[in-house]
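Engineer: See input19.tsv below, with TSV, C-alpha atoms and all ligand atoms.
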```tsv
chain	number	residue	atom	x	y	z
D	1	MET	CA	-10.13	17.96	-61.11
D	2	LYS	CA	-8.05	17.43	-64.26
D	3	CYS	CA	-9.71	20.53	-65.62
D	4	VAL	CA	-9.71	23.03	-62.74
D	5	ALA	CA	-6.74	21.84	-60.64
D	6	PRO	CA	-4.34	19.91	-62.91
D	7	GLU	CA	-1.15	18.64	-61.32
D	8	ASP	CA	0.93	18.71	-64.48
D	9	ARG	CA	0.28	22.25	-65.73
D	10	ARG	CA	-0.68	25.70	-64.57
D	11	SER	CA	-4.45	26.03	-64.17
D	12	ILE	CA	-6.27	28.77	-66.04
D	13	GLN	CA	-9.29	28.37	-63.77
D	14	GLY	CA	-10.04	31.58	-61.88
D	15	TRP	CA	-12.40	31.78	-58.93
D	16	ALA	CA	-15.02	34.30	-57.86
D	17	GLY	CA	-17.86	34.61	-55.39
D	18	ILE	CA	-20.93	36.73	-55.82
D	19	ASP	CA	-19.36	39.95	-54.49
D	20	ARG	CA	-16.40	39.70	-56.80
D	21	LEU	CA	-18.68	38.86	-59.75
D	22	LEU	CA	-20.78	41.98	-59.22
D	23	ARG	CA	-17.64	44.11	-58.78
D	24	ASP	CA	-16.13	42.75	-62.00
D	25	MET	CA	-19.41	43.39	-63.85
D	26	ASP	CA	-19.42	46.98	-62.58
D	27	ALA	CA	-15.80	47.48	-63.61
D	28	ALA	CA	-16.60	46.37	-67.16
D	29	GLY	CA	-19.93	48.23	-67.41
D	30	ILE	CA	-21.94	45.00	-67.65
D	31	ASP	CA	-25.49	45.46	-66.36
D	32	HIS	CA	-26.71	41.87	-66.57
D	33	ALA	CA	-24.97	38.47	-66.58
D	34	VAL	CA	-26.32	34.98	-67.22
D	35	LEU	CA	-24.73	32.32	-64.99
D	36	LEU	CA	-24.12	29.00	-66.73
D	37	GLY	CA	-24.03	25.73	-64.85
D	38	TRP	CA	-21.12	23.34	-65.20
D	39	TYR	CA	-21.34	19.90	-66.81
D	40	TRP	CA	-21.21	18.05	-63.51
D	41	GLU	CA	-20.86	14.28	-63.33
D	42	ASN	CA	-23.16	13.94	-60.29
D	43	GLN	CA	-26.64	15.37	-59.90
D	44	ALA	CA	-25.91	16.15	-56.23
D	45	THR	CA	-23.25	18.64	-57.32
D	46	ALA	CA	-25.58	20.14	-59.93
D	47	ASP	CA	-28.20	20.54	-57.17
D	48	LEU	CA	-25.69	22.47	-55.04
D	49	GLN	CA	-24.96	24.83	-57.90
D	50	ILE	CA	-28.69	25.33	-58.55
D	51	ASP	CA	-29.06	26.25	-54.86
D	52	TRP	CA	-26.34	28.95	-55.04
D	53	PHE	CA	-27.70	30.30	-58.31
D	54	THR	CA	-31.23	30.42	-56.85
D	55	HIS	CA	-29.97	32.56	-53.95
D	56	TRP	CA	-27.99	34.83	-56.23
D	57	ILE	CA	-30.71	35.50	-58.81
D	58	ARG	CA	-33.21	36.14	-56.01
D	59	ALA	CA	-30.84	38.61	-54.33
D	60	HIS	CA	-29.97	40.38	-57.62
D	61	PRO	CA	-32.79	39.82	-60.12
D	62	ASP	CA	-31.85	42.95	-62.05
D	63	ARG	CA	-28.20	41.91	-62.46
D	64	LEU	CA	-28.23	38.11	-62.70
D	65	SER	CA	-30.04	35.26	-64.46
D	66	ALA	CA	-29.08	31.59	-64.50
D	67	PHE	CA	-29.11	28.35	-66.46
D	68	ALA	CA	-29.64	25.09	-64.56
D	69	PRO	CA	-27.01	22.36	-64.67
D	70	ILE	CA	-28.31	18.79	-64.88
D	71	VAL	CA	-27.05	15.23	-65.33
D	72	PRO	CA	-29.70	13.68	-67.62
D	73	SER	CA	-30.21	10.19	-66.21
D	74	ARG	CA	-32.85	7.51	-66.16
D	75	ASP	CA	-33.83	8.00	-62.49
D	76	GLY	CA	-35.38	11.36	-63.42
D	77	ASN	CA	-34.08	13.13	-60.28
D	78	GLY	CA	-32.29	15.79	-62.27
D	79	LEU	CA	-35.38	16.43	-64.37
D	80	GLU	CA	-37.54	17.27	-61.36
D	81	ARG	CA	-34.81	19.50	-59.95
D	82	THR	CA	-34.55	21.30	-63.29
D	83	ARG	CA	-38.32	21.79	-63.44
D	84	ARG	CA	-38.20	23.42	-59.99
D	85	ALA	CA	-35.32	25.63	-61.10
D	86	LEU	CA	-37.30	26.74	-64.18
D	87	ASP	CA	-40.30	27.41	-61.94
D	88	ASN	CA	-37.96	29.62	-59.88
D	89	GLY	CA	-37.07	31.72	-62.90
D	90	PHE	CA	-34.04	29.97	-64.40
D	91	ARG	CA	-33.74	30.94	-68.09
D	92	GLY	CA	-32.17	27.86	-69.62
D	93	ILE	CA	-30.48	24.49	-69.20
D	94	GLY	CA	-26.76	23.73	-69.30
D	95	GLU	CA	-23.94	23.77	-70.03
D	96	LEU	CA	-24.10	20.05	-70.94
D	97	LEU	CA	-21.31	17.78	-72.21
D	98	PRO	CA	-22.56	14.23	-72.83
D	99	GLN	CA	-19.07	12.76	-73.24
D	100	ILE	CA	-18.20	13.78	-69.65
D	101	GLN	CA	-21.65	13.39	-68.08
D	102	GLY	CA	-22.28	9.87	-69.36
D	103	PHE	CA	-25.31	10.27	-71.61
D	104	THR	CA	-26.02	10.62	-75.34
D	105	PHE	CA	-28.39	12.78	-77.37
D	106	LYS	CA	-30.25	9.55	-78.22
D	107	ASP	CA	-31.10	8.68	-74.59
D	108	GLU	CA	-34.68	8.75	-73.34
D	109	ALA	CA	-33.57	10.88	-70.38
D	110	PHE	CA	-32.25	13.48	-72.79
D	111	ALA	CA	-35.48	13.42	-74.83
D	112	ALA	CA	-37.41	14.02	-71.59
D	113	LEU	CA	-35.16	16.99	-70.83
D	114	MET	CA	-35.75	18.41	-74.31
D	115	ALA	CA	-39.53	18.08	-73.77
D	116	LEU	CA	-39.14	20.06	-70.53
D	117	ALA	CA	-37.12	22.74	-72.35
D	118	ARG	CA	-39.89	23.06	-74.96
D	119	GLU	CA	-42.56	23.21	-72.27
D	120	TYR	CA	-40.79	26.14	-70.59
D	121	ARG	CA	-39.57	27.62	-73.91
D	122	VAL	CA	-35.96	27.78	-72.73
D	123	PRO	CA	-32.74	27.09	-74.63
D	124	THR	CA	-30.21	24.37	-73.84
D	125	ASN	CA	-26.50	25.23	-73.80
D	126	LEU	CA	-24.09	22.55	-75.04
D	127	HIS	CA	-20.31	22.46	-74.85
D	128	VAL	CA	-18.66	22.04	-78.25
D	129	THR	CA	-14.98	21.34	-78.84
D	130	ASP	CA	-13.37	22.45	-82.10
D	131	PRO	CA	-12.30	19.25	-83.94
D	132	VAL	CA	-8.80	20.64	-84.57
D	133	ALA	CA	-8.36	21.57	-80.89
D	134	ALA	CA	-9.50	18.06	-79.94
D	135	VAL	CA	-6.62	16.60	-81.95
D	136	ARG	CA	-4.08	19.21	-80.82
D	137	SER	CA	-4.74	19.08	-77.08
D	138	ARG	CA	-5.24	16.04	-74.91
D	139	PHE	CA	-7.22	18.20	-72.48
D	140	GLN	CA	-10.05	18.68	-74.96
D	141	VAL	CA	-12.92	16.19	-75.15
D	142	PRO	CA	-13.88	15.47	-78.77
D	143	THR	CA	-17.52	16.34	-79.57
D	144	PRO	CA	-18.14	15.29	-83.21
D	145	LEU	CA	-19.88	18.12	-85.09
D	146	GLU	CA	-22.19	15.71	-86.95
D	147	ASP	CA	-23.75	14.79	-83.57
D	148	PHE	CA	-25.09	18.33	-83.38
D	149	ALA	CA	-26.50	18.31	-86.93
D	150	GLN	CA	-28.35	15.11	-86.01
D	151	LEU	CA	-29.50	16.68	-82.74
D	152	PHE	CA	-31.03	19.67	-84.57
D	153	ALA	CA	-32.79	17.26	-86.94
D	154	ASP	CA	-34.12	15.16	-84.04
D	155	PHE	CA	-35.31	18.14	-81.96
D	156	PRO	CA	-36.33	20.79	-84.51
D	157	GLU	CA	-38.49	22.71	-82.02
D	158	ASN	CA	-35.80	23.01	-79.34
D	159	VAL	CA	-33.54	26.04	-79.12
D	160	PHE	CA	-29.84	25.31	-78.65
D	161	ILE	CA	-26.94	27.52	-77.71
D	162	LEU	CA	-23.66	25.98	-78.78
D	163	ALA	CA	-20.82	27.15	-76.57
D	164	HIS	CA	-17.42	28.32	-77.82
D	165	TRP	CA	-18.62	29.32	-81.30
D	166	GLY	CA	-20.02	25.82	-81.77
D	167	GLY	CA	-16.51	24.47	-82.36
D	168	GLY	CA	-16.51	25.86	-85.89
D	169	LEU	CA	-20.00	24.64	-86.78
D	170	PRO	CA	-21.11	28.09	-88.08
D	171	PHE	CA	-19.00	27.44	-91.20
D	172	HIS	CA	-21.30	24.49	-91.99
D	173	GLU	CA	-24.28	26.82	-92.13
D	174	LEU	CA	-22.99	27.47	-95.67
D	175	SER	CA	-23.86	23.85	-96.45
D	176	ARG	CA	-26.61	23.85	-99.08
D	177	GLY	CA	-30.10	23.14	-97.79
D	178	SER	CA	-29.10	23.51	-94.13
D	179	ASP	CA	-31.09	26.71	-93.33
D	180	VAL	CA	-33.95	24.88	-91.67
D	181	LEU	CA	-31.58	22.79	-89.56
D	182	PHE	CA	-29.91	25.85	-87.99
D	183	ARG	CA	-33.11	27.86	-87.51
D	184	ASN	CA	-33.06	27.54	-83.69
D	185	VAL	CA	-29.31	27.45	-83.16
D	186	TYR	CA	-27.32	30.17	-81.38
D	187	TYR	CA	-23.61	30.35	-80.66
D	188	ASP	CA	-21.88	31.82	-77.62
D	189	THR	CA	-18.38	33.29	-77.60
D	190	ALA	CA	-17.30	31.83	-74.23
D	191	ALA	CA	-13.52	31.39	-73.92
D	192	SER	CA	-13.09	32.71	-77.46
D	193	PRO	CA	-9.58	34.13	-76.85
D	194	LEU	CA	-8.34	30.71	-75.72
D	195	ALA	CA	-9.86	28.86	-78.67
D	196	TYR	CA	-9.89	31.16	-81.71
D	197	ASP	CA	-8.19	33.96	-83.54
D	198	PRO	CA	-10.16	37.20	-82.93
D	199	ARG	CA	-11.08	37.32	-86.63
D	200	ILE	CA	-13.73	34.71	-85.81
D	201	PHE	CA	-16.20	37.44	-84.74
D	202	ARG	CA	-16.19	39.07	-88.19
D	203	ARG	CA	-16.03	35.76	-90.09
D	204	VAL	CA	-18.96	34.13	-88.27
D	205	GLY	CA	-20.91	37.39	-88.42
D	206	ASP	CA	-20.49	37.34	-92.21
D	207	ILE	CA	-21.72	33.73	-92.47
D	208	ILE	CA	-24.69	33.66	-90.07
D	209	GLY	CA	-25.38	37.35	-89.33
D	210	SER	CA	-25.28	38.89	-85.87
D	211	ASP	CA	-28.70	37.78	-84.59
D	212	ARG	CA	-27.63	34.37	-83.28
D	213	ILE	CA	-24.29	35.24	-81.65
D	214	LEU	CA	-24.29	35.67	-77.85
D	215	PHE	CA	-21.35	37.28	-76.07
D	216	GLY	CA	-20.05	34.94	-73.37
D	217	THR	CA	-16.77	34.73	-71.49
D	218	ASP	CA	-16.51	31.58	-69.34
D	219	TYR	CA	-15.84	33.91	-66.37
D	220	PRO	CA	-14.14	33.26	-63.96
D	221	LEU	CA	-11.91	31.31	-66.34
D	222	LEU	CA	-8.68	33.21	-67.11
D	223	THR	CA	-9.26	33.83	-70.81
D	224	HIS	CA	-6.15	36.00	-71.22
D	225	PRO	CA	-3.69	34.16	-68.95
D	226	ARG	CA	-0.69	36.10	-70.28
D	227	LEU	CA	-2.30	39.47	-69.67
D	228	SER	CA	-4.13	38.84	-66.41
D	229	LYS	CA	-4.03	36.33	-63.57
D	230	GLU	CA	-7.34	37.62	-62.26
D	231	PRO	CA	-10.84	36.90	-63.57
D	232	GLY	CA	-12.66	39.77	-65.25
D	233	PHE	CA	-14.72	40.85	-68.25
D	234	ILE	CA	-12.82	43.86	-69.52
D	235	LEU	CA	-10.36	42.08	-71.84
D	236	ASP	CA	-13.06	39.85	-73.39
D	237	LEU	CA	-15.24	42.90	-74.05
D	238	LYS	CA	-12.29	44.75	-75.56
D	239	ASP	CA	-11.70	41.84	-77.96
D	240	ALA	CA	-15.35	41.84	-79.05
D	241	ARG	CA	-15.38	45.60	-79.59
D	242	ALA	CA	-12.14	45.46	-81.61
D	243	SER	CA	-13.34	42.54	-83.73
D	244	GLY	CA	-14.61	44.56	-86.67
D	245	LEU	CA	-18.31	44.14	-85.91
D	246	SER	CA	-20.36	47.29	-86.53
D	247	GLU	CA	-22.05	49.18	-83.70
D	248	SER	CA	-25.41	47.66	-84.55
D	249	GLU	CA	-23.95	44.14	-84.76
D	250	LEU	CA	-22.26	44.68	-81.39
D	251	HIS	CA	-25.56	45.83	-79.97
D	252	HIS	CA	-27.05	42.44	-80.87
D	253	VAL	CA	-24.08	40.34	-79.77
D	254	LEU	CA	-23.38	42.16	-76.49
D	255	GLY	CA	-26.89	41.87	-75.09
D	256	GLY	CA	-29.72	42.47	-77.55
D	257	ASN	CA	-29.89	38.85	-78.71
D	258	ALA	CA	-29.70	37.47	-75.17
D	259	ARG	CA	-32.37	39.84	-73.92
D	260	ARG	CA	-34.77	38.71	-76.64
D	261	LEU	CA	-33.94	34.99	-76.51
D	262	LEU	CA	-33.92	34.68	-72.71
D	263	ARG	CA	-36.66	37.27	-72.05
D	264	LEU	CA	-34.33	39.13	-69.69
D	265	PRO	CA	-35.47	42.18	-67.70
T	301	ZN	ZN	-17.70	24.66	-72.48
```
Would you give me this structure, written as structure tokens?

Structural biologist:
Amino acid sequence: MKCVAPEDRRSIQGWAGIDRLLRDMDAAGIDHAVLLGWYWENQATADLQIDWFTHWIRAHPDRLSAFAPIVPSRDGNGLERTRRALDNGFRGIGELLPQIQGFTFKDEAFAALMALAREYRVPTNLHVTDPVAAVRSRFQVPTPLEDFAQLFADFPENVFILAHWGGGLPFHELSRGSDVLFRNVYYDTAASPLAYDPRIFRRVGDIIGSDRILFGTDYPLLTHPRLSKEPGFILDLKDARASGLSESELHHVLGGNARRLLRLP
């Protein structure tokens, strides 16, 4: 509740149902969207979201795909639910945020989830907070970047998508000898306008290339709260197109990479 309906500040959370989502996709010329789960604290809530997503991707298989939310826990309930979701065509797992969901990357439950992800050859999406933002804003949950380096070392065969430009982690791909570590790591651009200067598209593109950057928005979050009080994709797309990436780089970032990685229609 602190996040989506704070009492002490104006919320930037926007809301949308399936009809509005499809309308907003049409308005922005987006043919396919991947729905990401939230980092819920209770598996029962994650199950509810999986149920909605299952209905939506069944009703609109050409327009929508989904990732399954899960609370990795020792009872294994979430794991079975996630397996069923993957059997029903879900394309990935996440978004996860251990610091909120009460687990660590060292837990057995998490290792079991990573084994499932490898079995189904699907990526796992993780929330990452920029370390500077974590200090600047009390609303941001710190997610130490070294945790992710260790995670990649511990699960070298898993594919990870780090949300929000990986909180600045792409810069560390310049670290000598780190190529192998980042082999299966992708970054999404969700909520980029709220977190970073638009130059980040060009800068990260220069460091890691355009093959591992996935355009994301955090829709229906209001990513341009000064410009629009309504959810939508148009402003985020405009930012990406004006970012200085070439046409061929944009082709990768705005869909090509996702289509290949997620085996989308
Ligand atoms: Zn996030």

Engineer: Would you mind listing the residues within 8 Å of ligand ZN 301 (chain T), counting only C-alpha atoms and all ligand atoms, as an mmCIF file with C-alpha atoms, in the coordinates of the input?

Structural biologist:
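Resulting contents of part06.cif:
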```cif
data_model
loop_
_atom_site.group_PDB
_atom_site.id
_atom_site.type_symbol
_atom_site.label_atom_id
_atom_site.label_comp_id
_atom_site.auth_asym_id
_atom_site.auth_seq_id
_atom_site.Cartn_x
_atom_site.Cartn_y
_atom_site.Cartn_z
ATOM 1 C CA GLU D 95 -23.940 23.770 -70.030
ATOM 2 C CA LEU D 97 -21.310 17.780 -72.210
ATOM 3 C CA LEU D 126 -24.090 22.550 -75.040
ATOM 4 C CA HIS D 127 -20.310 22.460 -74.850
ATOM 5 C CA VAL D 128 -18.660 22.040 -78.250
ATOM 6 C CA THR D 129 -14.980 21.340 -78.840
ATOM 7 C CA ALA D 163 -20.820 27.150 -76.570
ATOM 8 C CA HIS D 164 -17.420 28.320 -77.820
ATOM 9 C CA ALA D 190 -17.300 31.830 -74.230
ATOM 10 C CA ASP D 218 -16.510 31.580 -69.340
#
```

Engineer: Rounded to one decimal in Å, what is the spacing between atom CA of Gly17 of chain D and atom CA of Tyr39 of chain D?

Structural biologist: 18.9 Å

Engineer: Can you work out which one of D:Ile70, D:Leu262, D:Glu230, D:Asp197 has the shortest atom-to-atom distance to Arg121 of chain D, counting only C-alpha atoms?

Structural biologist: D:Leu262

Engineer: As a PyMOL selection string, please: the residues near Asp19 of chain D (cut-off 12 Å, only C-alpha atoms, same-chain neighbours under 5 positions excluded).

Structural biologist: chain D and resi 24-26+56+59-60

Engineer: Give me, as a tab-separated table, the closest atom pair and its distance (Å, one decimal) for every residue of segment 162-222 of chain D within a cut-off of 9 Å of segment 132-152 of chain D, counting only C-alpha atoms, rows sorted by chain and rising number.

Structural biologist:
```
residue	atom	partner	partner_atom	distance
D:Gly166	CA	D:Leu145	CA	8.4
D:Gly167	CA	D:Leu145	CA	7.7
D:Gly168	CA	D:Leu145	CA	8.5
D:Leu169	CA	D:Leu145	CA	6.7
D:Leu181	CA	D:Phe152	CA	5.9
D:Phe182	CA	D:Phe152	CA	7.2
D:Arg183	CA	D:Phe152	CA	8.9
D:Asn184	CA	D:Phe152	CA	8.2
D:Val185	CA	D:Phe152	CA	8.1
D:Ala195	CA	D:Ala133	CA	7.8
```

Engineer: Could you give me, as an MDAnalysis selection string, the residues within 12 Å of Thr217 of chain D, counting all atoms listed in the file and dropping anything in the same chain fewer than 3 positions from it?

Structural biologist: chainID D and resid 25 33:36 163:165 188:195 214 220:224 231:240 254

Engineer: Within 6 Å of Phe160 of chain D, counting all atoms listed in the file, which residues show up once you throw out same-chain ones fewer than 2 positions away? Write them as a list in words, please.

Structural biologist: Pro123, Thr124, Asn125 and Val185 of chain D

Engineer: Got a moment to write segment 211-230 of chain D out with N, CA and C atoms, as an mmCIF file, in the first residue's frame?

Structural biologist:
```cif
data_model
loop_
_atom_site.group_PDB
_atom_site.id
_atom_site.type_symbol
_atom_site.label_atom_id
_atom_site.label_comp_id
_atom_site.auth_asym_id
_atom_site.auth_seq_id
_atom_site.Cartn_x
_atom_site.Cartn_y
_atom_site.Cartn_z
ATOM 1 N N ASP D 211 21.750 -5.838 -28.096
ATOM 2 C CA ASP D 211 21.119 -7.167 -28.142
ATOM 3 C C ASP D 211 20.515 -7.624 -26.818
ATOM 4 N N ARG D 212 20.880 -6.965 -25.724
ATOM 5 C CA ARG D 212 20.402 -7.423 -24.408
ATOM 6 C C ARG D 212 19.611 -6.330 -23.697
ATOM 7 N N ILE D 213 19.075 -5.391 -24.451
ATOM 8 C CA ILE D 213 18.226 -4.336 -23.871
ATOM 9 C C ILE D 213 16.791 -4.587 -24.336
ATOM 10 N N LEU D 214 15.864 -4.626 -23.385
ATOM 11 C CA LEU D 214 14.454 -4.898 -23.700
ATOM 12 C C LEU D 214 13.625 -3.678 -23.305
ATOM 13 N N PHE D 215 12.893 -3.130 -24.275
ATOM 14 C CA PHE D 215 12.033 -1.985 -23.971
ATOM 15 C C PHE D 215 10.913 -2.417 -23.026
ATOM 16 N N GLY D 216 10.806 -1.720 -21.905
ATOM 17 C CA GLY D 216 9.720 -1.962 -20.951
ATOM 18 C C GLY D 216 9.253 -0.627 -20.411
ATOM 19 N N THR D 217 8.078 -0.590 -19.801
ATOM 20 C CA THR D 217 7.525 0.703 -19.389
ATOM 21 C C THR D 217 7.116 0.774 -17.919
ATOM 22 N N ASP D 218 6.697 -0.348 -17.351
ATOM 23 C CA ASP D 218 6.039 -0.381 -16.040
ATOM 24 C C ASP D 218 4.578 0.073 -16.131
ATOM 25 N N TYR D 219 4.026 0.134 -17.353
ATOM 26 C CA TYR D 219 2.601 0.398 -17.541
ATOM 27 C C TYR D 219 1.805 -0.487 -16.577
ATOM 28 N N PRO D 220 0.790 0.030 -15.891
ATOM 29 C CA PRO D 220 0.179 1.359 -16.017
ATOM 30 C C PRO D 220 0.739 2.407 -15.058
ATOM 31 N N LEU D 221 1.985 2.253 -14.642
ATOM 32 C CA LEU D 221 2.617 3.297 -13.827
ATOM 33 C C LEU D 221 2.665 4.595 -14.641
ATOM 34 N N LEU D 222 2.511 5.737 -13.952
ATOM 35 C CA LEU D 222 2.580 7.029 -14.653
ATOM 36 C C LEU D 222 4.048 7.443 -14.736
ATOM 37 N N THR D 223 4.669 7.123 -15.861
ATOM 38 C CA THR D 223 6.115 7.342 -15.983
ATOM 39 C C THR D 223 6.478 8.780 -16.333
ATOM 40 N N HIS D 224 5.477 9.561 -16.742
ATOM 41 C CA HIS D 224 5.692 10.984 -17.037
ATOM 42 C C HIS D 224 4.634 11.788 -16.278
ATOM 43 N N PRO D 225 4.671 11.753 -14.954
ATOM 44 C CA PRO D 225 3.554 12.318 -14.176
ATOM 45 C C PRO D 225 3.294 13.793 -14.448
ATOM 46 N N ARG D 226 4.315 14.532 -14.904
ATOM 47 C CA ARG D 226 4.086 15.951 -15.195
ATOM 48 C C ARG D 226 3.367 16.139 -16.522
ATOM 49 N N LEU D 227 3.584 15.212 -17.427
ATOM 50 C CA LEU D 227 3.012 15.354 -18.774
ATOM 51 C C LEU D 227 1.662 14.661 -18.916
ATOM 52 N N SER D 228 1.454 13.594 -18.132
ATOM 53 C CA SER D 228 0.203 12.854 -18.298
ATOM 54 C C SER D 228 -0.218 12.180 -17.000
ATOM 55 N N LYS D 229 -1.503 12.322 -16.692
ATOM 56 C CA LYS D 229 -2.062 11.677 -15.495
ATOM 57 C C LYS D 229 -2.740 10.360 -15.861
ATOM 58 N N GLU D 230 -2.577 9.968 -17.108
ATOM 59 C CA GLU D 230 -3.192 8.725 -17.585
ATOM 60 C C GLU D 230 -2.101 7.758 -18.017
#
```
